[in-house]
$ cat model16.txt   # compact mmCIF, C-alpha atoms
# COMPACT_ATOMS: atom_id res chain seq x y z
CA MET A 1 -25.54 33.84 -45.39
CA VAL A 2 -22.74 34.65 -43.04
CA THR A 3 -21.85 38.22 -42.74
CA SER A 4 -18.30 39.46 -42.34
CA SER A 5 -19.04 40.62 -38.81
CA ALA A 6 -20.37 37.24 -38.02
CA MET A 7 -17.27 35.71 -39.53
CA ALA A 8 -15.15 38.00 -37.40
CA ASP A 9 -17.00 36.88 -34.30
CA GLY A 10 -16.27 33.25 -35.19
CA ASP A 11 -12.54 33.89 -35.58
CA ASP A 12 -12.36 35.53 -32.17
CA SER A 13 -13.99 32.59 -30.46
CA SER A 14 -11.57 30.02 -31.92
CA THR A 15 -8.63 32.18 -30.96
CA LEU A 16 -9.92 32.32 -27.43
CA ILE A 17 -10.29 28.58 -27.23
CA GLU A 18 -6.80 28.21 -28.64
CA LYS A 19 -5.46 30.55 -25.98
CA LYS A 20 -7.30 28.68 -23.25
CA ARG A 21 -5.82 25.40 -24.45
CA GLU A 22 -2.36 26.89 -24.56
CA PHE A 23 -2.83 28.23 -21.04
CA LEU A 24 -4.00 24.93 -19.69
CA ASP A 25 -1.16 23.02 -21.44
CA SER A 26 1.36 25.46 -20.03
CA PHE A 27 -0.28 25.23 -16.58
CA PHE A 28 -0.15 21.44 -16.43
CA ARG A 29 3.39 21.31 -17.91
CA LYS A 30 4.62 23.71 -15.27
CA GLY A 31 2.76 21.72 -12.60
CA ALA A 32 4.50 18.54 -13.78
CA GLU A 33 7.87 20.27 -13.78
CA PHE A 34 7.19 21.64 -10.33
CA THR A 35 6.23 18.20 -9.07
CA ARG A 36 9.46 16.70 -10.54
CA GLU A 37 11.49 19.45 -8.92
CA LEU A 38 9.64 18.87 -5.65
CA LEU A 39 10.42 15.10 -5.76
CA ALA A 40 14.05 15.81 -6.54
CA GLU A 41 14.22 18.23 -3.65
CA ILE A 42 12.61 15.71 -1.27
CA ASP A 43 15.17 13.14 -2.39
CA ARG A 44 18.00 15.58 -1.82
CA LEU A 45 16.69 16.48 1.58
CA ARG A 46 16.37 12.78 2.53
CA ARG A 47 20.01 12.22 1.61
CA HIS A 48 21.01 15.28 3.54
CA GLN A 49 19.06 14.05 6.53
CA ALA A 50 20.87 10.70 6.36
CA VAL A 51 24.20 12.49 6.28
CA LEU A 52 23.19 14.62 9.22
CA GLU A 53 22.01 11.59 11.20
CA ASP A 54 25.36 9.87 10.58
CA GLU A 55 27.14 12.95 11.72
CA LEU A 56 24.93 13.20 14.76
CA GLU A 57 25.65 9.57 15.63
CA ARG A 58 29.35 10.13 15.28
CA GLN A 59 29.12 13.15 17.52
CA GLY A 60 27.20 11.02 20.08
CA ARG A 61 30.12 8.46 20.27
CA PRO A 62 33.22 10.50 20.09
CA GLN A 63 36.09 8.83 18.30
CA PRO A 64 39.17 8.43 20.47
CA SER A 65 42.12 10.47 19.68
CA GLY A 66 45.46 8.91 18.68
CA SER A 67 46.91 9.29 22.18
CA THR A 68 43.85 7.74 23.81
CA LEU A 69 44.18 4.76 21.48
CA SER A 70 47.81 4.32 22.48
CA GLU A 71 46.87 4.50 26.14
CA LEU A 72 44.13 1.93 25.67
CA ALA A 73 46.46 -0.37 23.74
CA ALA A 74 49.01 -0.06 26.54
CA GLN A 75 46.33 -0.81 29.09
CA ILE A 76 45.23 -3.90 27.14
CA HIS A 77 48.82 -5.03 26.89
CA GLY A 78 49.29 -4.50 30.62
CA LEU A 79 46.12 -6.43 31.45
CA ALA A 80 47.13 -9.28 29.15
CA ALA A 81 50.52 -9.43 30.85
CA GLU A 82 48.86 -9.39 34.25
CA ARG A 83 46.50 -12.16 33.15
CA ASP A 84 49.44 -14.28 31.95
CA HIS A 85 51.25 -13.61 35.22
CA LEU A 86 48.20 -14.59 37.27
CA ARG A 87 47.70 -17.68 35.14
CA ALA A 88 51.32 -18.71 35.70
CA ARG A 89 50.95 -18.01 39.41
CA LEU A 90 47.79 -20.11 39.54
CA GLU A 91 49.63 -22.95 37.87
CA ASN A 92 52.43 -22.60 40.41
CA ILE A 93 49.91 -22.56 43.25
CA ASP A 94 48.25 -25.68 41.81
CA SER A 95 51.61 -27.35 41.57
CA ASP A 96 52.47 -26.29 45.15
CA ASP A 97 49.08 -27.50 46.28
CA ARG A 98 49.71 -30.90 44.74
CA LYS A 99 53.15 -31.01 46.35
CA PHE A 100 51.69 -30.04 49.74
CA SER A 101 48.95 -32.66 49.40
CA ALA A 102 51.51 -35.33 48.58
CA ARG A 103 53.72 -34.12 51.42
CA TYR A 104 50.76 -34.07 53.81
CA ALA A 105 49.86 -37.65 52.86
CA GLU A 106 53.49 -38.64 53.33
CA ILE A 107 53.68 -36.94 56.75
CA GLU A 108 50.38 -38.51 57.73
CA ARG A 109 51.68 -41.95 56.75
CA GLU A 110 54.95 -41.29 58.57
CA ASN A 111 53.01 -40.09 61.61
CA ASN A 112 50.91 -43.27 61.62
CA ASP A 113 54.00 -45.41 61.18
CA LEU A 114 55.75 -43.63 64.05
CA ALA A 115 52.65 -44.04 66.20
CA SER A 116 52.62 -47.78 65.53
CA LEU A 117 56.35 -47.99 66.27
CA PHE A 118 55.89 -45.91 69.43
CA VAL A 119 53.06 -48.14 70.66
CA ALA A 120 55.06 -51.28 69.87
CA GLN A 121 58.17 -49.90 71.56
CA SER A 122 56.33 -48.75 74.67
CA GLN A 123 54.55 -52.10 74.96
CA LEU A 124 57.81 -54.01 74.63
CA HIS A 125 59.16 -52.07 77.61
CA SER A 126 55.93 -52.08 79.60
CA THR A 127 56.73 -55.30 81.42
CA LEU A 128 59.62 -57.05 83.12
CA VAL A 129 58.08 -60.50 82.85
CA VAL A 130 59.58 -62.75 80.19
CA SER A 131 56.28 -64.41 79.25
CA GLU A 132 54.67 -60.98 78.82
CA VAL A 133 57.52 -59.75 76.63
CA ILE A 134 57.03 -62.85 74.47
CA GLN A 135 53.30 -62.07 74.42
CA VAL A 136 53.94 -58.48 73.31
CA ILE A 137 56.27 -59.64 70.51
CA THR A 138 53.57 -62.09 69.44
CA GLU A 139 50.89 -59.38 69.45
CA ILE A 140 53.04 -56.98 67.45
CA LEU A 141 53.70 -59.62 64.83
CA LEU A 142 50.05 -60.65 64.73
CA ASN A 143 48.30 -57.30 64.93
CA PHE A 144 50.75 -54.77 63.54
CA VAL A 145 52.51 -56.81 60.87
CA GLY A 146 49.88 -59.38 60.01
CA ALA A 147 52.14 -62.41 60.53
CA SER A 148 49.98 -65.46 61.18
CA ARG A 149 52.46 -68.31 61.72
CA PHE A 150 55.81 -67.78 63.35
CA GLY A 151 58.29 -68.85 65.99
CA ILE A 152 60.54 -66.98 68.43
CA LEU A 153 63.88 -68.71 68.68
CA LEU A 154 66.82 -68.40 71.04
CA VAL A 155 70.23 -70.00 70.74
CA ASP A 156 71.08 -72.74 73.23
CA ALA A 157 74.36 -73.41 75.01
CA ALA A 158 75.66 -75.15 71.92
CA GLY A 159 74.79 -72.15 69.75
CA ARG A 160 71.88 -73.88 67.99
CA PRO A 161 68.61 -72.03 67.45
CA ARG A 162 65.76 -73.48 69.53
CA VAL A 163 62.11 -72.51 69.40
CA LEU A 164 60.97 -70.77 72.61
CA ALA A 165 57.45 -69.75 71.60
CA THR A 166 55.23 -70.11 68.54
CA GLU A 167 52.03 -68.84 67.00
CA ALA A 168 49.83 -71.19 64.92
CA ILE A 169 52.55 -73.82 64.60
CA GLU A 170 53.61 -76.62 66.96
CA ARG A 171 56.94 -76.03 68.62
CA ALA A 172 58.20 -79.44 67.47
CA ARG A 173 57.22 -78.64 63.89
CA ALA A 174 58.90 -75.24 64.12
CA ASP A 175 62.07 -76.91 65.45
CA GLU A 176 61.95 -79.30 62.46
CA LEU A 177 61.64 -76.40 60.04
CA VAL A 178 64.51 -74.55 61.71
CA ASP A 179 66.67 -77.67 61.33
CA THR A 180 65.63 -78.10 57.70
CA THR A 181 66.18 -74.58 56.44
CA SER A 182 69.50 -72.82 56.24
CA VAL A 183 67.88 -69.37 56.45
CA VAL A 184 67.79 -69.16 60.25
CA ALA A 185 71.43 -70.29 60.59
CA ASN A 186 72.45 -67.73 57.97
CA VAL A 187 70.63 -64.94 59.77
CA LEU A 188 72.25 -65.88 63.07
CA ALA A 189 75.68 -66.10 61.44
CA SER A 190 75.43 -62.84 59.51
CA GLY A 191 73.16 -60.82 61.79
CA ARG A 192 71.29 -59.68 58.68
CA SER A 193 67.57 -60.11 58.20
CA HIS A 194 66.10 -62.32 55.51
CA ILE A 195 63.00 -60.80 53.93
CA GLY A 196 61.71 -62.82 51.01
CA PRO A 197 58.84 -62.12 48.64
CA LEU A 198 55.37 -63.01 49.86
CA PRO A 199 54.40 -66.42 48.45
CA GLU A 200 51.03 -67.24 46.95
CA GLY A 201 48.64 -67.95 49.82
CA GLY A 202 50.97 -66.27 52.30
CA GLN A 203 52.59 -69.51 53.56
CA SER A 204 56.11 -70.84 53.08
CA GLU A 205 57.98 -73.93 54.29
CA PRO A 206 60.62 -74.85 55.26
CA ASP A 207 62.26 -71.51 54.47
CA PRO A 208 60.62 -68.71 56.42
CA ILE A 209 59.24 -65.70 54.52
CA VAL A 210 60.93 -63.44 57.04
CA CYS A 211 63.66 -64.16 59.54
CA PHE A 212 65.33 -61.47 61.60
CA PRO A 213 67.78 -61.66 64.49
CA LEU A 214 67.08 -60.81 68.11
CA ARG A 215 69.90 -58.76 69.61
CA GLN A 216 71.00 -57.79 73.04
CA GLY A 217 73.41 -55.01 72.25
CA SER A 218 75.89 -56.44 69.78
CA ARG A 219 75.15 -60.02 70.84
CA LEU A 220 72.82 -62.13 68.74
CA VAL A 221 70.64 -64.17 71.08
CA GLY A 222 68.06 -65.57 68.74
CA ALA A 223 65.76 -64.89 65.84
CA VAL A 224 62.16 -64.65 64.79
CA ALA A 225 61.07 -66.80 61.85
CA VAL A 226 57.79 -66.07 60.06
CA TRP A 227 56.34 -68.92 57.97
CA GLY A 228 52.98 -67.39 57.25
CA VAL A 229 51.19 -64.08 56.89
CA TRP A 230 47.48 -63.32 56.68
CA ILE A 231 46.07 -64.02 53.28
CA GLN A 232 44.98 -60.42 52.71
CA LYS A 233 48.53 -59.18 53.09
CA GLN A 234 49.75 -58.17 49.66
CA GLU A 235 53.27 -57.07 50.49
CA LEU A 236 55.65 -56.29 53.30
CA SER A 237 55.60 -52.56 53.81
CA GLU A 238 58.30 -50.19 54.99
CA LEU A 239 56.55 -50.14 58.37
CA ASP A 240 56.74 -53.95 58.58
CA ARG A 241 60.50 -53.78 58.01
CA ARG A 242 60.88 -51.09 60.64
CA MET A 243 58.78 -53.18 63.01
CA PHE A 244 61.15 -56.15 62.44
CA ASP A 245 64.10 -53.89 63.26
CA LEU A 246 62.33 -52.65 66.37
CA ILE A 247 61.62 -56.16 67.62
CA ALA A 248 65.18 -57.21 66.76
CA THR A 249 66.67 -54.55 69.04
CA SER A 250 64.00 -53.52 71.55
CA GLY A 251 62.58 -57.04 71.77
CA GLY A 252 66.02 -58.39 72.59
CA HIS A 253 66.57 -55.68 75.18
CA ALA A 254 63.13 -56.22 76.70
CA LEU A 255 63.91 -59.92 77.09
CA GLU A 256 67.23 -59.07 78.70
CA ALA A 257 65.61 -56.54 81.06
CA ALA A 258 62.99 -59.13 82.04
CA ARG A 259 65.73 -61.72 82.66
CA LEU A 260 67.70 -59.32 84.87
CA ALA A 261 64.55 -58.36 86.76
CA ALA A 262 63.68 -62.02 87.32
CA HIS A 263 67.16 -62.78 88.63
CA SER A 264 67.21 -59.77 90.90
CA GLU A 265 63.94 -60.87 92.48
CA THR A 266 64.92 -64.48 93.12
CA THR A 267 67.47 -66.00 95.41
CA SER A 268 67.95 -69.03 93.18
CA ALA A 269 70.98 -69.08 90.94
CA PRO A 270 70.38 -68.19 87.29
CA ALA A 271 70.11 -71.16 84.93
CA ASP A 272 73.29 -72.16 83.17
CA GLY A 273 73.59 -72.30 79.41
CA GLY A 274 72.72 -70.10 76.49
CA PRO A 275 69.82 -67.68 76.14
CA TYR A 276 67.44 -70.53 75.28
CA GLU A 277 68.11 -72.39 78.54
CA VAL A 278 67.99 -69.18 80.61
CA TYR A 279 64.69 -67.96 79.15
CA SER A 280 63.14 -71.41 79.06
CA ALA A 281 63.81 -71.65 82.79
CA LEU A 282 62.21 -68.24 83.32
CA LEU A 283 59.14 -69.32 81.37
CA GLN A 284 58.61 -72.36 83.64
CA MET B 285 32.10 -28.88 69.86
CA ALA B 286 30.66 -31.41 72.30
CA GLU B 287 32.98 -34.01 73.67
CA LEU B 288 32.91 -37.39 71.96
CA ILE B 289 33.45 -40.59 73.86
CA ALA B 290 34.69 -43.88 72.39
CA LEU B 291 34.68 -47.11 74.35
CA VAL B 292 37.55 -49.37 73.27
CA VAL B 293 37.12 -53.01 74.24
CA GLU B 294 40.21 -55.09 73.53
CA ASP B 295 42.10 -57.60 75.66
CA SER B 296 45.47 -56.87 74.05
CA PRO B 297 47.02 -53.75 75.66
CA THR B 298 49.12 -53.27 72.52
CA MET B 299 46.09 -53.15 70.26
CA ARG B 300 44.18 -51.05 72.74
CA GLN B 301 46.93 -48.47 72.86
CA LEU B 302 47.07 -48.29 69.08
CA LEU B 303 43.29 -47.84 68.85
CA VAL B 304 43.31 -45.19 71.56
CA TYR B 305 46.10 -43.34 69.79
CA ALA B 306 44.16 -43.39 66.51
CA LEU B 307 40.88 -42.31 68.09
CA GLU B 308 42.37 -39.48 70.10
CA ARG B 309 43.49 -37.83 66.89
CA ILE B 310 39.84 -36.96 66.33
CA PRO B 311 39.25 -33.51 67.89
CA ASP B 312 37.36 -33.60 71.21
CA MET B 313 37.50 -37.39 71.36
CA THR B 314 38.17 -39.08 74.67
CA THR B 315 38.46 -42.81 75.13
CA VAL B 316 37.41 -45.26 77.80
CA GLU B 317 39.20 -48.61 77.81
CA ALA B 318 38.03 -52.08 78.77
CA GLY B 319 39.85 -55.42 78.58
CA ASP B 320 36.79 -57.62 77.94
CA GLY B 321 33.00 -57.59 77.59
CA VAL B 322 32.24 -57.62 81.31
CA GLU B 323 34.55 -54.71 81.97
CA ALA B 324 32.93 -52.91 79.04
CA LEU B 325 29.45 -53.37 80.53
CA LYS B 326 30.71 -51.99 83.84
CA CYS B 327 32.10 -48.96 82.00
CA LEU B 328 28.79 -48.49 80.20
CA ALA B 329 26.93 -48.61 83.49
CA SER B 330 29.18 -46.19 85.34
CA ASN B 331 30.28 -43.73 82.66
CA ALA B 332 28.51 -41.41 80.29
CA LYS B 333 26.93 -43.02 77.23
CA PRO B 334 29.63 -43.42 74.59
CA ASP B 335 29.23 -42.09 71.06
CA ILE B 336 30.83 -45.21 69.60
CA ILE B 337 32.08 -48.61 70.70
CA LEU B 338 35.02 -50.45 69.16
CA THR B 339 35.33 -54.04 70.25
CA ASP B 340 37.46 -57.04 69.52
CA ILE B 341 35.62 -60.32 68.99
CA ASN B 342 37.86 -62.81 70.73
CA MET B 343 38.26 -61.84 74.36
CA PRO B 344 38.27 -63.73 77.64
CA ILE B 345 35.33 -63.71 80.10
CA MET B 346 32.87 -62.08 77.68
CA ASP B 347 33.60 -61.91 73.97
CA GLY B 348 32.68 -59.16 71.51
CA LEU B 349 29.65 -61.01 70.14
CA LYS B 350 27.99 -61.21 73.55
CA LEU B 351 28.84 -57.57 74.15
CA VAL B 352 27.16 -56.55 70.88
CA GLN B 353 24.11 -58.58 71.88
CA ARG B 354 23.93 -56.96 75.34
CA VAL B 355 24.38 -53.44 74.01
CA ARG B 356 21.68 -53.89 71.38
CA ALA B 357 19.32 -55.27 74.02
CA ASP B 358 19.77 -52.17 76.17
CA GLU B 359 17.25 -49.50 75.29
CA LYS B 360 19.58 -46.67 76.29
CA LEU B 361 22.51 -48.00 74.27
CA ARG B 362 20.92 -49.64 71.24
CA ASP B 363 21.60 -46.66 68.98
CA VAL B 364 25.33 -46.48 69.77
CA PRO B 365 27.36 -47.45 66.68
CA ILE B 366 29.54 -50.52 67.17
CA VAL B 367 32.68 -51.31 65.19
CA ILE B 368 34.04 -54.81 65.56
CA ILE B 369 37.68 -55.71 65.10
CA THR B 370 38.32 -59.04 63.47
CA THR B 371 40.93 -60.99 61.60
CA GLU B 372 40.49 -61.58 57.89
CA GLY B 373 39.87 -65.25 58.68
CA GLY B 374 37.07 -64.40 61.11
CA ALA B 375 34.40 -64.08 58.41
CA GLU B 376 31.89 -66.15 60.35
CA ASP B 377 32.26 -64.10 63.54
CA ARG B 378 32.10 -60.94 61.50
CA ALA B 379 28.85 -61.97 59.83
CA ARG B 380 27.40 -62.94 63.19
CA ALA B 381 28.40 -59.66 64.80
CA LEU B 382 26.85 -57.69 61.95
CA ALA B 383 23.69 -59.79 62.23
CA LEU B 384 23.58 -59.05 65.95
CA GLY B 385 23.66 -55.34 65.25
CA ALA B 386 27.28 -54.24 64.81
CA ASN B 387 27.51 -51.39 62.32
CA ALA B 388 30.91 -51.96 60.75
CA TYR B 389 34.10 -53.94 61.04
CA ILE B 390 37.84 -53.37 60.82
CA THR B 391 40.23 -56.18 60.03
CA LYS B 392 43.63 -56.69 61.59
CA PRO B 393 46.39 -55.66 61.16
CA ILE B 394 45.01 -52.35 62.30
CA LYS B 395 46.12 -49.15 60.63
CA ALA B 396 45.24 -45.81 62.23
CA PRO B 397 43.82 -44.26 59.00
CA GLN B 398 41.46 -47.21 58.61
CA VAL B 399 40.16 -46.71 62.18
CA LEU B 400 39.78 -42.94 61.69
CA ARG B 401 37.92 -43.34 58.41
CA GLN B 402 35.44 -45.84 59.81
CA VAL B 403 34.77 -43.96 63.04
CA LYS B 404 34.41 -40.57 61.34
CA GLN B 405 31.97 -42.08 58.87
CA LEU B 406 29.80 -43.59 61.60
CA LEU B 407 29.85 -40.37 63.63
CA ASN B 408 29.18 -38.25 60.52
CA LEU B 409 32.30 -36.23 61.17
CA GLY B 410 32.95 -35.66 57.47
$ encode --input "model16.txt" --output "C-alpha cells"
Amino acid sequence: MVTSSAMADGDDSSTLIEKKREFLDSFFRKGAEFTRELLAEIDRLRRHQAVLEDELERQGRPQPSGSTLSELAAQIHGLAAERDHLRARLENIDSDDRKFSARYAEIERENNDLASLFVAQSQLHSTLVVSEVIQVITEILLNFVGASRFGILLVDAAGRPRVLATEAIERARADELVDTTSVVANVLASGRSHIGPLPEGGQSEPDPIVCFPLRQGSRLVGAVAVWGVWIQKQELSELDRRMFDLIATSGGHALEAARLAAHSETTSAPADGGPYEVYSALLQ
Amino acid sequence: MAELIALVVEDSPTMRQLLVYALERIPDMTTVEAGDGVEALKCLASNAKPDIILTDINMPIMDGLKLVQRVRADEKLRDVPIVIITTEGGAEDRARALALGANAYITKPIKAPQVLRQVKQLLNLG
C-alpha cells in the first residue's frame, strides 16, 4: 500500500525529471541557435573581409584622376603621331636609299664606260705610226666592242671605198662585200652611222651589222664595216655606240696625225691620190 | 692595309691599260705590267711576289699557257691565283689553262666590273 507521503515523493521526482528535460531541451535549442548565429556571423565577416580586400587592392593601385587620363591619352596620341612620322620617314629613307643605289650603279657604269673611252682615246693618240693606229683601232673593236670580223676602209682618189685593213676576213672578200652592199656607200654619202640589229649567230653578209664613217674634221675619209661580232654578244650597248663615235672622230684624227708625222720625217714626196692611196703607201 | 700587287700580262697595250685601270680601283692595289710570258717571268724574278696574276693566253714569245705552267712549277709562286683572259671562242685554251692550274678566267670584251668582281673574289676582298 502506497502512502500519501510516498505518493507525494513520487510526484516530486517526476517533476524534477520533467524540469531536467526542459532544461536540457532549452540548452540544446539555444546551443543550436547560437551555432546558427555564429555561422551567419562568420559568413558576414567573410563577405566583409572580401570587401576590405577589394578596397585594399584598389588602394594599392590608385586609379588615375580625370586629368591624368587626359594627359596619358594626349601622350599616346603624340607617340602614335611620332610613330607614323618615323614610319613615313623610314619609307622616305628606303626610297632615297633605292634611288641612291640606282644612281650609284648608274655612276659606276658611267665611270666604267668613261674609263674604257679614256683608254681607247689615249691609245688612239699614243702613236704616230699609221700601222699602229690601225692596230689600236683593231684592238678597240676586238677587245672593247667584241667585233670579230671587220674591215677598215678608206676612199680612193675616185671616191670609192677600199679596204685598208681587215680582221678575220680576207681583204679581197671584204672589197667584194663593200661593192655588193649599198650600206657603206650610204654611210659615206650621208656621214651617218648604220647600226643594225644583231643577227642570229652574230654574222651578217653582205650588209655589215655596223658601219660608221671615219672623219678628219668635217671630211669623210673612210669607214669601218663590221660583219661579225662574238657569239656571246647579245646586243650593242650604249658604250659600243660611243666607242664607234670615238673611233669615227679620234681614229680619223689619229690617222691624219700619223700621216703628217710620216711626211714630216721623210724627204720623199707624199703619195698622190685619196686617203686610201696615201695610207696604203704609208703602210708599205 | 697591306699593299696588294697584281701582275698584268698582256701584249696589247690597250687591253693592258684597261686592266690596270680596273685593278687600280681596288684600294692599295698596285700593278706590274708585262707584254708576254718571258717578260712576266722576269718581273716575277725581280719584283716582290704578286698577290694575283692576270694573263692573256695568246701572246708572242711565251704564251699564257706556258706562263701558267711555269708559275705553278715554281714553289714560291704556286699559290698565287691566276686569272686568264680569253675570247669566248677560246674554250679549248681556257680548259687547258684551268687544267694547268689557272684559278679563273675572264672573257673578252673586258668590262672593268667583271675584272674587279673576279679579282676581289680570288683575293677574298669581299
$ residues_near_point --input "model16.txt" --point "(24.0, -52.1, 59.4)" --cutoff "12 Å" --atoms "only C-alpha atoms" --output "MDAnalysis selection string"
chainID B and resid 363:367 379:389 406
$ closest_atom_pairs --input "model16.txt" --of "chain A" --to "chain B" --cutoff "9 Å" --atoms "all atoms listed in the file" --output "tab-separated table"
residue	atom	partner	partner_atom	distance
A:Glu108	CA	B:Pro397	CA	8.8
A:Arg109	CA	B:Pro397	CA	8.5
A:Asn112	CA	B:Ala396	CA	6.2
A:Asp113	CA	B:Lys395	CA	8.7
A:Ala115	CA	B:Tyr305	CA	7.5
A:Ser116	CA	B:Leu302	CA	6.6
A:Val119	CA	B:Leu302	CA	6.2
A:Ala120	CA	B:Thr298	CA	6.8
A:Ser122	CA	B:Thr298	CA	8.8
A:Gln123	CA	B:Thr298	CA	6.1
A:Leu124	CA	B:Thr298	CA	9.0
A:Val136	CA	B:Thr298	CA	7.1
A:Glu139	CA	B:Thr298	CA	7.1
A:Ile140	CA	B:Thr298	CA	7.4
A:Leu142	CA	B:Pro393	CA	7.1
A:Asn143	CA	B:Pro393	CA	4.5
A:Phe144	CA	B:Pro393	CA	5.0
A:Val145	CA	B:Pro393	CA	6.2
A:Gly146	CA	B:Pro393	CA	5.2
A:Ala147	CA	B:Pro393	CA	8.9
A:Trp230	CA	B:Glu372	CA	7.3
A:Ile231	CA	B:Glu372	CA	7.6
A:Gln232	CA	B:Glu372	CA	7.0
$ closest_residue --input "model16.txt" --among "A:Val226, A:Ile134, A:Leu117, A:Leu69" --to "Met243 in chain A" --atoms "only C-alpha atoms"
A:Leu117
$ residues_around --input "model16.txt" --residues "Ser330 in chain B" --least-positions-apart "6" --cutoff "12 Å" --atoms "all atoms listed in the file" --output "VMD selection string"
chain B and resid 316 323 to 324
$ atom_distance --input "model16.txt" --atom1 "CA of Leu288 in chain B" --atom2 "CA of Asn342 in chain B"
25.9 Å
$ closest_residue --input "model16.txt" --among "A:Gln234, A:Pro199, A:Glu205, A:Leu72" --to "Thr180 in chain A" --atoms "only C-alpha atoms"
A:Glu205
$ atom_distance --input "model16.txt" --atom1 "CA of Ser14 in chain A" --atom2 "CA of Gly31 in chain A"
25.4 Å
$ atom_distance --input "model16.txt" --atom1 "CA of Ile209 in chain A" --atom2 "CA of Ile195 in chain A"
6.2 Å
$ axis_aligned_box --input "model16.txt" --around "range 294-311 of chain B" --padding-each-side "3 Å" --output "lines of an AutoDock Vina configuration file"
center_x = 44.2
center_y = -45.6
center_z = 71.0
size_x = 15.9
size_y = 30.1
size_z = 15.3
$ residues_around --input "model16.txt" --residues "Val184 in chain A" --least-positions-apart "4" --cutoff "8 Å" --atoms "all atoms listed in the file" --output "list in words"
Pro161, Val178, Leu188, Cys211, Ala223 and Ala225 of chain A
$ residues_around --input "model16.txt" --residues "Gly321 in chain B" --least-positions-apart "3" --cutoff "12 Å" --atoms "only C-alpha atoms" --output "ChimeraX atom specification"
/B:291-295,317-318,324-328,337-355
$ closest_residue --input "model16.txt" --among "B:Leu361, B:Val403, B:Ile289, B:Ala332" --to "Ile390 in chain B" --atoms "only C-alpha atoms"
B:Val403
$ residues_around --input "model16.txt" --residues "Val155 in chain A" --least-positions-apart "2" --cutoff "7 Å" --atoms "all atoms listed in the file" --output "list in words"
Leu153, Ala157, Gly159, Arg160, Pro161, Arg162, Val221, Gly222, Gly274, Pro275 and Tyr276 of chain A
$ residues_around --input "model16.txt" --residues "Val129 in chain A" --least-positions-apart "5" --cutoff "10 Å" --atoms "all atoms listed in the file" --output "list in words"
Ile134, Gln135, Ala254, Leu255, Ala257, Ala258, Arg259, Leu260, Ala261, Ala262, Leu282 and Leu283 of chain A
$ write_last_selection --input "model16.txt" --atoms "C-alpha atoms" --output "PDB file, in the frame of the given file"
ATOM      1  CA  ILE A 134      57.030 -62.850  74.470  1.00  0.00           C
ATOM      2  CA  GLN A 135      53.300 -62.070  74.420  1.00  0.00           C
ATOM      3  CA  ALA A 254      63.130 -56.220  76.700  1.00  0.00           C
ATOM      4  CA  LEU A 255      63.910 -59.920  77.090  1.00  0.00           C
ATOM      5  CA  ALA A 257      65.610 -56.540  81.060  1.00  0.00           C
ATOM      6  CA  ALA A 258      62.990 -59.130  82.040  1.00  0.00           C
ATOM      7  CA  ARG A 259      65.730 -61.720  82.660  1.00  0.00           C
ATOM      8  CA  LEU A 260      67.700 -59.320  84.870  1.00  0.00           C
ATOM      9  CA  ALA A 261      64.550 -58.360  86.760  1.00  0.00           C
ATOM     10  CA  ALA A 262      63.680 -62.020  87.320  1.00  0.00           C
ATOM     11  CA  LEU A 282      62.210 -68.240  83.320  1.00  0.00           C
ATOM     12  CA  LEU A 283      59.140 -69.320  81.370  1.00  0.00           C
TER      13      LEU A 283
END
$ closest_residue --input "model16.txt" --among "A:Asp84, A:Asp245, A:Glu277, A:Asp11" --to "Leu164 in chain A" --atoms "all atoms listed in the file"
A:Glu277
$ build_atoms --input "model16.txt" --residues "range 326-337 of chain B" --atoms "N, CA and C atoms" --output "short mmCIF file (atom, residue, chain, number, x, y, z; two decimals), in the coordinates of the input"
data_model
loop_
_atom_site.label_atom_id
_atom_site.label_comp_id
_atom_site.auth_asym_id
_atom_site.auth_seq_id
_atom_site.Cartn_x
_atom_site.Cartn_y
_atom_site.Cartn_z
N LYS B 326 30.55 -52.79 82.61
CA LYS B 326 30.71 -51.99 83.84
C LYS B 326 30.97 -50.53 83.46
N CYS B 327 31.81 -50.33 82.46
CA CYS B 327 32.10 -48.96 82.00
C CYS B 327 30.83 -48.29 81.50
N LEU B 328 30.03 -49.04 80.77
CA LEU B 328 28.79 -48.49 80.20
C LEU B 328 27.80 -48.11 81.30
N ALA B 329 27.85 -48.88 82.38
CA ALA B 329 26.93 -48.61 83.49
C ALA B 329 27.37 -47.41 84.31
N SER B 330 28.69 -47.23 84.43
CA SER B 330 29.18 -46.19 85.34
C SER B 330 29.60 -44.90 84.66
N ASN B 331 29.83 -44.94 83.35
CA ASN B 331 30.28 -43.73 82.66
C ASN B 331 29.18 -43.17 81.78
N ALA B 332 29.47 -42.02 81.21
CA ALA B 332 28.51 -41.41 80.29
C ALA B 332 28.33 -42.31 79.06
N LYS B 333 27.20 -42.20 78.42
CA LYS B 333 26.93 -43.02 77.23
C LYS B 333 27.96 -42.70 76.14
N PRO B 334 28.62 -43.71 75.62
CA PRO B 334 29.63 -43.42 74.59
C PRO B 334 28.97 -43.08 73.25
N ASP B 335 29.73 -42.40 72.40
CA ASP B 335 29.23 -42.09 71.06
C ASP B 335 29.50 -43.24 70.10
N ILE B 336 30.49 -44.07 70.46
CA ILE B 336 30.83 -45.21 69.60
C ILE B 336 31.54 -46.27 70.43
N ILE B 337 31.38 -47.51 70.01
CA ILE B 337 32.08 -48.61 70.70
C ILE B 337 32.91 -49.36 69.67
#
